[in-house]
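Next comes input_39.cif, a file with mmCIF, C-alpha atoms.
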data_coords
#
loop_
_atom_site.label_atom_id
_atom_site.label_comp_id
_atom_site.auth_asym_id
_atom_site.auth_seq_id
_atom_site.Cartn_x
_atom_site.Cartn_y
_atom_site.Cartn_z
CA MET A 1 95.25 103.69 106.14
CA HIS A 2 98.89 104.26 105.34
CA ILE A 3 101.51 102.75 107.56
CA MET A 4 104.20 105.39 107.43
CA GLU A 5 107.80 104.89 106.30
CA GLY A 6 109.92 102.98 108.80
CA PHE A 7 106.99 102.11 111.10
CA LEU A 8 107.03 98.38 110.43
CA PRO A 9 109.93 96.54 112.09
CA HIS A 10 111.67 93.41 110.88
CA PRO A 11 110.34 90.86 109.93
CA TRP A 12 106.88 92.31 109.34
CA TRP A 13 107.64 94.59 106.43
CA GLU A 14 109.31 91.68 104.60
CA ILE A 15 106.35 89.37 105.32
CA TRP A 16 103.83 91.78 103.79
CA PHE A 17 106.03 92.27 100.73
CA ALA A 18 106.24 88.48 100.32
CA LEU A 19 102.44 88.24 100.46
CA SER A 20 101.71 91.20 98.19
CA LEU A 21 104.25 90.90 95.36
CA PRO A 22 102.92 87.59 93.91
CA VAL A 23 99.38 89.00 93.88
CA VAL A 24 100.48 92.16 92.06
CA ALA A 25 102.47 90.05 89.55
CA TRP A 26 99.42 87.86 88.94
CA GLY A 27 97.32 91.01 88.51
CA VAL A 28 99.74 92.36 85.89
CA TYR A 29 99.51 89.06 84.00
CA LYS A 30 95.69 89.07 84.08
CA MET A 31 95.56 92.72 83.04
CA ASN A 32 97.86 92.20 80.05
CA ARG A 33 95.88 89.16 78.96
CA MET A 34 92.57 91.00 79.25
CA ILE A 35 93.84 94.00 77.26
CA LYS A 36 95.20 91.78 74.48
CA GLU A 37 91.85 90.03 74.14
CA ASN A 38 89.76 93.20 74.23
CA ARG A 39 91.42 96.60 73.91
CA GLU A 40 88.05 98.29 74.24
CA ILE A 41 88.25 97.58 77.96
CA LEU A 42 91.16 100.04 78.35
CA PRO A 43 89.11 103.20 79.03
CA LEU A 44 87.09 101.46 81.74
CA LEU A 45 90.28 100.07 83.25
CA ALA A 46 91.75 103.58 83.22
CA VAL A 47 88.73 105.10 84.92
CA SER A 48 88.82 102.42 87.64
CA GLY A 49 92.40 103.45 88.39
CA ALA A 50 91.44 107.13 88.18
CA PHE A 51 88.64 106.51 90.68
CA VAL A 52 91.27 105.27 93.16
CA PHE A 53 93.42 108.33 92.40
CA VAL A 54 90.56 110.76 93.05
CA LEU A 55 88.98 109.21 96.15
CA SER A 56 92.25 108.40 97.91
CA SER A 57 93.32 112.04 97.53
CA LEU A 58 90.32 113.36 99.48
CA LYS A 59 91.15 113.79 103.17
CA MET A 60 87.79 114.07 104.91
CA PRO A 61 86.99 114.91 108.54
CA SER A 62 85.10 112.23 110.43
CA VAL A 63 82.76 112.22 113.41
CA THR A 64 85.59 110.96 115.65
CA GLY A 65 87.48 114.23 115.32
CA SER A 66 90.22 112.95 113.00
CA CYS A 67 90.40 112.86 109.23
CA SER A 68 91.00 110.07 106.76
CA HIS A 69 90.32 109.26 103.12
CA PRO A 70 88.32 106.78 101.06
CA THR A 71 90.14 104.15 99.00
CA GLY A 72 88.16 103.99 95.75
CA THR A 73 89.02 100.32 95.17
CA GLY A 74 85.44 99.03 95.19
CA MET A 75 84.75 99.95 91.57
CA GLY A 76 87.81 98.12 90.25
CA ALA A 77 87.08 95.08 92.40
CA ILE A 78 83.53 94.82 91.04
CA LEU A 79 84.48 95.33 87.39
CA PHE A 80 87.82 93.52 87.16
CA GLY A 81 88.28 91.48 90.31
CA PRO A 82 90.70 91.94 93.21
CA TRP A 83 93.93 90.94 91.43
CA ILE A 84 93.83 93.68 88.79
CA THR A 85 92.68 96.14 91.45
CA ALA A 86 95.85 95.32 93.39
CA VAL A 87 97.88 96.67 90.45
CA LEU A 88 95.81 99.87 90.27
CA SER A 89 96.22 100.39 94.02
CA ALA A 90 99.97 99.77 93.85
CA ILE A 91 100.35 102.56 91.28
CA VAL A 92 98.53 105.03 93.55
CA LEU A 93 100.45 103.96 96.66
CA ILE A 94 103.82 104.31 94.90
CA TYR A 95 102.86 107.84 93.78
CA GLN A 96 101.88 108.79 97.33
CA ALA A 97 105.00 107.23 98.86
CA LEU A 98 107.36 109.00 96.45
CA PHE A 99 105.75 112.43 96.11
CA LEU A 100 103.61 112.92 99.22
CA ALA A 101 105.52 111.03 101.95
CA HIS A 102 102.26 109.22 102.71
CA GLY A 103 102.95 105.59 103.30
CA GLY A 104 106.44 104.51 102.36
CA LEU A 105 108.57 102.21 100.26
CA THR A 106 109.41 99.91 103.17
CA THR A 107 105.74 99.69 104.12
CA LEU A 108 104.53 99.45 100.53
CA GLY A 109 103.91 95.71 100.79
CA ALA A 110 101.72 96.14 103.87
CA ASN A 111 99.79 99.07 102.37
CA ILE A 112 99.20 97.20 99.10
CA PHE A 113 97.95 94.20 101.04
CA SER A 114 95.40 96.21 103.05
CA MET A 115 94.21 98.65 100.37
CA GLY A 116 94.86 96.71 97.16
CA ILE A 117 94.27 93.09 98.11
CA ALA A 118 92.25 92.53 101.30
CA GLY A 119 89.76 95.37 100.76
CA PRO A 120 89.06 94.61 97.07
CA LEU A 121 88.85 90.87 97.76
CA ILE A 122 86.13 91.41 100.39
CA GLY A 123 84.32 93.87 98.12
CA TYR A 124 84.44 91.42 95.20
CA LEU A 125 83.10 88.54 97.32
CA ILE A 126 80.34 90.72 98.82
CA PHE A 127 79.25 91.83 95.34
CA ARG A 128 79.07 88.27 94.07
CA LEU A 129 77.19 87.10 97.15
CA ALA A 130 74.72 90.00 97.04
CA SER A 131 74.12 89.47 93.31
CA ARG A 132 73.47 85.77 93.76
CA PHE A 133 70.85 86.55 96.38
CA GLY A 134 69.15 88.87 93.91
CA LEU A 135 69.84 92.14 95.70
CA ASN A 136 69.27 95.36 93.81
CA MET A 137 72.35 96.26 91.73
CA TYR A 138 72.82 99.63 93.42
CA LEU A 139 72.61 98.02 96.86
CA SER A 140 75.07 95.29 95.83
CA VAL A 141 77.61 97.85 94.64
CA PHE A 142 77.05 100.01 97.73
CA LEU A 143 77.72 97.12 100.11
CA ALA A 144 80.75 95.93 98.15
CA ALA A 145 82.40 99.37 97.98
CA MET A 146 81.59 100.24 101.60
CA LEU A 147 83.00 97.00 103.00
CA ALA A 148 86.05 97.11 100.70
CA ASP A 149 86.87 100.53 102.16
CA TRP A 150 86.26 99.55 105.78
CA THR A 151 88.13 96.23 105.49
CA THR A 152 91.24 98.12 104.40
CA TYR A 153 91.37 99.95 107.71
CA VAL A 154 90.60 96.85 109.76
CA ILE A 155 93.54 95.05 108.11
CA THR A 156 95.80 98.04 108.73
CA SER A 157 94.86 97.88 112.41
CA LEU A 158 95.70 94.17 112.46
CA GLN A 159 99.04 94.71 110.73
CA LEU A 160 100.10 97.27 113.32
CA ALA A 161 98.78 95.14 116.19
CA LEU A 162 100.87 92.17 115.03
CA ALA A 163 103.98 94.36 114.84
CA PHE A 164 103.37 96.15 118.16
CA PRO A 165 101.64 93.83 120.69
CA ALA A 166 100.80 95.55 123.97
CA ALA A 167 102.72 94.59 127.10
CA SER A 168 99.38 93.97 128.77
CA GLY A 169 96.81 92.26 126.59
CA GLY A 170 99.11 91.47 123.68
CA ILE A 171 97.89 91.61 120.09
CA ALA A 172 94.21 91.85 121.07
CA ALA A 173 94.77 95.01 123.15
CA SER A 174 96.86 96.59 120.39
CA PHE A 175 94.28 95.68 117.78
CA GLN A 176 91.59 97.40 119.83
CA ALA A 177 93.73 100.53 120.17
CA PHE A 178 94.45 100.78 116.44
CA MET A 179 90.84 99.96 115.51
CA ALA A 180 89.74 102.94 117.60
CA ILE A 181 91.86 105.14 115.34
CA PHE A 182 91.36 103.63 111.91
CA ALA A 183 88.18 101.56 111.75
CA ILE A 184 85.80 103.74 113.77
CA THR A 185 86.96 106.90 112.00
CA GLN A 186 86.39 105.22 108.65
CA VAL A 187 82.78 104.07 109.13
CA PRO A 188 81.04 107.27 107.87
CA LEU A 189 83.61 107.68 105.08
CA ALA A 190 83.04 104.08 103.98
CA VAL A 191 79.30 104.75 103.77
CA VAL A 192 79.99 107.82 101.63
CA GLU A 193 82.29 105.84 99.34
CA GLY A 194 79.69 103.10 98.97
CA ALA A 195 77.04 105.62 97.91
CA VAL A 196 79.29 107.43 95.42
CA THR A 197 80.51 104.16 93.90
CA ALA A 198 76.96 102.81 93.55
CA LEU A 199 75.79 105.88 91.69
CA SER A 200 78.98 106.06 89.63
CA ASP A 201 78.68 102.47 88.47
CA GLY A 202 75.03 103.07 87.67
CA ALA A 203 75.89 106.19 85.72
CA TYR A 204 78.82 104.85 83.73
CA VAL A 205 78.56 101.10 83.32
CA GLN A 206 76.05 98.32 83.63
CA VAL A 207 77.34 95.26 85.46
CA PRO A 208 75.18 92.15 85.09
CA ALA A 209 74.81 89.79 88.03
CA PRO A 210 77.00 86.65 87.98
CA ALA A 211 75.49 83.84 85.98
CA GLN A 212 76.52 80.20 85.58
CA GLY A 213 79.50 80.57 87.86
CA ARG A 214 80.94 83.55 85.98
CA CYS A 215 81.17 87.18 86.93
CA PRO A 216 82.59 90.38 85.44
CA GLY A 217 85.87 90.01 87.30
CA GLU A 218 86.48 86.58 85.76
CA ALA A 219 85.60 87.55 82.19
CA GLN A 220 88.96 88.00 80.49
CA CYS A 221 87.39 89.31 77.30
CA GLY A 222 85.30 91.88 79.14
CA GLN A 223 82.12 90.77 77.38
CA CYS A 224 80.17 90.63 80.63
CA ILE A 225 80.56 94.38 81.10
CA ARG A 226 78.17 96.55 79.10
CA TYR A 227 79.10 100.20 78.69
CA GLN A 228 76.54 102.93 78.86
CA ILE A 229 76.31 106.62 79.60
CA ALA A 230 73.46 107.44 81.92
CA PRO A 231 70.69 109.83 80.95
CA GLY A 232 71.18 113.42 81.99
CA GLY A 233 68.82 113.06 84.94
CA GLN A 234 70.83 110.18 86.37
CA LEU A 235 74.10 112.07 86.06
CA MET A 236 72.39 115.03 87.73
CA LYS A 237 71.50 112.80 90.69
CA LEU A 238 75.17 111.81 91.02
CA GLU A 239 76.30 115.42 90.92
CA ILE A 240 73.69 116.42 93.53
CA LEU A 241 74.81 113.58 95.82
CA VAL A 242 78.48 114.54 95.55
CA LEU A 243 77.69 118.21 96.25
CA ALA A 244 75.54 117.22 99.23
CA ILE A 245 78.36 115.08 100.65
CA ILE A 246 80.87 117.91 100.23
CA ALA A 247 78.47 120.36 101.90
CA LEU A 248 77.87 117.96 104.80
CA PHE A 249 81.54 117.44 105.54
CA ALA A 250 82.31 121.13 105.07
CA ALA A 251 79.60 122.07 107.56
CA LEU A 252 80.86 119.45 110.03
CA PHE A 253 84.43 120.67 109.64
CA ILE A 254 83.47 124.33 110.15
CA TYR A 255 81.32 123.54 113.18
CA GLN A 256 83.97 121.46 114.94
CA SER A 257 86.74 123.91 114.08
CA THR A 258 84.87 126.96 115.36
CA THR A 259 83.85 125.21 118.59
CA GLY A 260 87.40 124.00 119.17
CA VAL A 261 86.29 120.44 119.85
CA HIS A 262 88.72 118.74 117.48
CA GLU A 263 91.90 119.49 115.59
CA TRP A 264 91.21 117.01 112.78
CA ALA A 265 94.54 115.21 113.07
CA GLY A 266 95.10 112.54 110.44
CA ALA A 267 94.47 108.92 111.44
CA ASP A 268 97.94 108.04 110.12
CA ASP A 269 99.53 110.58 112.48
CA GLN A 270 97.50 109.29 115.42
CA SER A 271 98.82 105.77 114.83
CA GLU A 272 102.33 107.07 115.56
CA ARG A 273 101.12 108.22 118.97
CA VAL A 274 99.67 104.78 119.75
CA ILE A 275 102.91 103.08 118.68
CA SER A 276 104.81 105.39 121.01
CA GLU A 277 102.47 104.55 123.88
CA LEU A 278 102.68 100.80 123.25
CA THR A 279 106.48 100.82 123.12
CA GLY A 280 107.02 103.34 125.89
CA GLY A 281 108.51 105.75 123.38
CA ALA A 282 111.34 103.31 122.61
CA TYR A 283 110.49 102.66 118.95
CA GLU A 284 112.13 104.88 116.37
CA PRO A 285 111.36 104.64 112.62
CA TRP A 286 114.27 102.84 110.99
CA SER A 287 113.71 104.43 107.56
CA SER A 288 112.66 107.89 106.38
CA PRO A 289 110.78 109.01 103.25
CA VAL A 290 112.87 109.51 100.12
CA TRP A 291 111.38 113.00 99.81
CA GLU A 292 108.94 115.08 101.83
CA PRO A 293 106.95 118.11 100.64
CA PRO A 294 108.71 121.20 102.00
CA SER A 295 105.45 122.72 103.25
CA GLY A 296 101.81 121.96 103.83
CA GLU A 297 100.89 124.08 100.83
CA ILE A 298 103.08 121.96 98.53
CA GLU A 299 101.60 118.81 99.99
CA SER A 300 98.07 120.11 99.31
CA LEU A 301 99.13 121.00 95.77
CA LEU A 302 100.39 117.47 95.15
CA PHE A 303 97.19 115.97 96.54
CA ALA A 304 95.27 118.29 94.22
CA LEU A 305 97.47 117.12 91.33
CA GLN A 306 96.61 113.52 92.18
CA ALA A 307 92.90 114.34 92.14
CA ALA A 308 93.31 116.28 88.88
CA ILE A 309 95.02 113.35 87.15
CA GLY A 310 92.16 111.07 88.12
CA SER A 311 89.52 113.61 87.13
CA LEU A 312 91.08 114.11 83.70
CA VAL A 313 91.01 110.37 83.03
CA ILE A 314 87.38 110.11 84.15
CA GLY A 315 86.52 113.10 81.94
CA TYR A 316 88.20 111.41 78.99
CA PHE A 317 86.23 108.23 79.69
CA LEU A 318 82.90 110.08 79.62
CA GLY A 319 83.84 111.99 76.48
CA TYR A 320 85.08 108.86 74.74
CA TYR A 321 81.89 106.92 75.33
CA ARG A 322 79.60 109.83 74.58
CA GLY A 323 81.39 110.19 71.26
CA SER A 324 81.18 106.45 70.62
CA MET A 325 77.45 106.43 71.32
CA LYS A 326 76.83 109.37 68.99
CA LYS A 327 78.88 107.66 66.28
CA LYS A 328 76.95 104.41 66.67
CA GLY A 329 73.66 106.32 66.64
CA ALA A 330 74.64 108.10 63.43
CA GLN A 331 75.61 104.78 61.84
CA LEU A 332 72.27 103.21 62.84
CA ASP A 333 70.39 106.19 61.40
CA GLY A 334 72.40 105.92 58.20
CA ASP A 335 71.72 102.20 57.90
CA GLY A 336 67.99 102.79 58.50
CA GLU A 337 67.85 105.42 55.80
CA ALA A 338 69.75 103.19 53.40
CA ARG A 339 67.30 100.32 53.98
CA SER A 340 64.26 102.58 53.47
CA ASP A 341 65.73 103.91 50.20
CA ALA A 342 66.29 100.35 49.04
#

As structure tokens - that is how I would like this structure written.
Amino acid sequence: MHIMEGFLPHPWWEIWFALSLPVVAWGVYKMNRMIKENREILPLLAVSGAFVFVLSSLKMPSVTGSCSHPTGTGMGAILFGPWITAVLSAIVLIYQALFLAHGGLTTLGANIFSMGIAGPLIGYLIFRLASRFGLNMYLSVFLAAMLADWTTYVITSLQLALAFPAASGGIAASFQAFMAIFAITQVPLAVVEGAVTALSDGAYVQVPAPAQGRCPGEAQCGQCIRYQIAPGGQLMKLEILVLAIIALFAALFIYQSTTGVHEWAGADDQSERVISELTGGAYEPWSSPVWEPPSGEIESLLFALQAAIGSLVIGYFLGYYRGSMKKKGAQLDGDGEARSDA
């Protein structure tokens, strides 16, 4: 979903910065206030950011013959609301712009708006709506995460269509061309992200449905979010699902590669081709990345580092809460023994 460095002309890159910066600032304010009121929320906040780090580092082949990546913003949107999720997304996008040459500093405002604001906002609203209608919690989380992912790519298509209207058909024709690259490619990946997020939320935390006009994302103290570590069987289901997804995409990749049907070009790279077609090859990027990986191997290493950072944080989260639960269990046993002795 990245719009690459220098691929948004004036005044569009400034407009998206103007729209995104106040939201990120408001998210920083809400995050600081929430942490001050309840520091126990920090590990869950960290794992929500780590979830974005991990999922957005996974470039997956799609049925359209190109590859793309999930966003991972659904979990943060459900637990903390869209404004705090905008901050988490901004951190990931800055890392990718500086160290991976994916996205860019000039297009950072547009990328934050699509991935960190529009997608999480839709996911948050879908979760609230589904919960109010009494949908199963897993289904509510699945729909929220799936639509948060897919909305990101729809908004990216719209951003590029506004900046590069077609000579024939205008914005509508351009929007259709970019949707064919981003949105259609992303449909199966959005479904995968929805499933992984639903099982992850079920395995790690329990999120009650909104009640009396409140919801987890509006609870500054974090009291609406109940932490739990799933039983071993539930975690096993999550691991089996993840392995099945990896096997499915690996098999699809191997099949298409051996038959020579597709080259699995990135959706971001394909957008450059569409821009060239729409402008007759006249548009040249006006800015270049501050640094680019010197080789594909280094780029893969940095993507792996991004995934490793996220995985380490998630591992810490699980260890922290497993330790907390054991400590609380030992205290309860001690109190029970003390009462029986008395």

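Comparing the minimum interatomic distances between Trp26 in chain A and each of A:Leu139, A:Leu45, A:Val313, A:Ile117, counting all atoms listed in the file, we find that A:Ile117 sits nearest.
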
Selection result for the PyMOL selection byres ((chain A and resi 15) around 12) on this file, as a PyMOL selection string: chain A and resi 8-14+16-21+106-110+113+159+162-163

Picked residues, the PyMOL selection byres ((chain A and resi 128) around 9), expected as a PyMOL selection string: chain A and resi 78+123-127+129-133+140+144+209-210+215

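Evaluated on this file, the PyMOL selection byres ((chain A and resi 81-86) around 6) matches Val24, Gly27, Gly76, Ala77, Ile78, Phe80, Val87, Leu88, Ser89, Gly116, Ile117, Pro120, Leu121 and Gly217 of chain A.
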
Distance query Phe164 in chain A at most 9 Å, all atoms listed in the file, self and fewer than 4 positions along chain excluded, as a list in words: Leu8, Pro9, Gln159, Leu160, Gly170, Ile171, Ser174, Ile275, Leu278 and Thr279 of chain A
